[in-house]
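Colleague: One structure follows; several queries about it will come next.
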Amino acid sequence: MDRLTEIWNKTLDILQKEVKSVSYDLWIKALEPFEMKNGTLYLSITSATAKNQVLKLHSKQIKEALQEVSGDIRDFKVYDIDEKEALIQTERETEEKLLEGDSTAENVNVFKFNPRYTFDTFVVGNSNKFVYAAAHGVAENPYYGKINPLFIYGGVGLGKTHLLHAIGNYIREHNPELKVLYTTCNNFTDDYVESLKSGDNTATGKFRGKYRNVDVLMVDDIQFIGGRQSTQIAFFDAFNDLYQNGKQVVIASDRLPRDIKDLEERIRTRMEMGLMQDIQSPDFETRLAILQKKAEQEKVGVDAQVINYIAENCDTNIREMEGVLNKVCFYATLLGKTTATMEDVSEALKDHVSSTKQSVTGESVIDCVCTYFGVNKDDLVGKKKNKEIVEPRQICMYIITELLDLPLTSIGQLFGGRDHTTVIHAREKVNNDLKTNARLRTMVEDIKNMAQHR
Ligand code: ADP
Ligand code: MG
């Protein structure tokens, strides 16, 4: 048995004792270790939904079990199948390039777009018809077009990445001679840092070549560029070159350029120069249509009532909605049924619902916020006034008022005996910021989820 398998088997032994059996069978057993590098263990799992569930429900337990088994492992990462494929692909590409000493965009077209993310599989409704049209327009006509750059923005799980891949898939099919490069902001940053590290001109030249010798450059999750000054400059240079040569740039972000923290003015202006198109939460009919389409791909049939129920109850995030559908179908399959019915819905969502409320307390929310932001509990409830502490503190107060029916004075007590007016102020401040700040919305959602599923 190799060391990786050995470590993972021991970890499973520990987890089996700690995790409820249904959850263990569903999520933990689905994990497969595939690599160990620099103190991190890499695991893969069948779908993005399963990945989200595992991370949401069992992150802490997995990490602790791993650390208990092996002193060398400090952390772990979970990739869904698509991400794992992309990872292996990128590694292979890098190897190939090193072997061939080839840096330029020759190999760009090796990147595999997710075959399930196409325009055909994208359901169009009122919330996304403009962004769909814009993306399709770019895919049809990616040169000297008027839509340049196309800047797509909107909340988590609403289809931004899907559209970028759809553009990629479309161009591959209709214009295979064009070089399309898809990257995430984090990959771009890594690449840039890597090119600097080696300190020679060839490396910098390779980096420049890679991002300039393309016909279409797509950068996903650009919001992470905030605060990364030298990456911003590298991006600015690449962008200008491409733009001047009539090449297409497509950017996706969870917020508007002006809401990206610490973004240089000149870069913001560049991003705003073309078309900024938002993607909104889908309305009921669109949700229904999306679910119907997804249900067709499931191995079991899905009762119309089930689809209705999910469409009514999951109204913000399409990824989460898909997750619920998958879970329901999974339960039906476990029970050997041919059609998923409302019974499976209550079974699938039982954990979800019953674990909510009972276990959430002011203290537990405080713990979650501390873990989430990596701050110390004494600081969070203490007197410090620096931004790094004040923001998490206010978010924490807000979430407690949202999740618990506690008197404001008791909440003040939890934070070192603060006055109830401080709590009111925090609640209003966060409430206001949430209207414009998508990143904050995600954070608040994540923390609420964490608190409710501990
Ligand atoms: P984002 O990048 O905005 O966070 P994704 O593109 O990853 O979101 O989408 C999340 C999931 O929802 C994906 O599985 C995607 O296929 C699906 N999805 C989003 N919008 C649609 C849509 N309009 N039609 C069909 N599936 C969609
Ligand atoms: Mg995305």
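Letters A, B, ... mark the chains of the structure tokens in the order given; residue numbers begin at 1 per chain; ligand numbers begin at 1, in order shown.
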Residues contacting ligand 1 - anything with an atom at most 8 Å away, using only C-alpha atoms and all ligand atoms - can you give me those as a PyMOL selection string?

Modeller: chain A and resi 48+116-117+121-125+128+154-164+220-221+252+254+282+286+290+293-294+317-320+322

Colleague: So what do you get for atom CA of Thr49 of chain A versus atom CA of Gly323 of chain A, distance-wise?

Modeller: 4.9 Å

Colleague: Fewer than 3 positions away in the same chain doesn't count, so skip those; otherwise give me all residues within 10 Å of Thr421 of chain A, counting only C-alpha atoms, as a list in words.

Modeller: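 The contact residues come out as Leu408, Thr409, Gly412, Arg418, Ile424, His425, Ala426 and Arg427 of chain A.
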
Colleague: So, counting only C-alpha atoms and all ligand atoms, which residue among A:Glu285, A:Asp405, A:Asp72, A:Glu83 is closest to ligand 2?

Modeller: A:Glu83

Colleague: As number ranges by chain, which residues of segment 192-256 of chain A does DSSP assign to strand (DSSP E)?

Modeller: A: 216-220, 248-253
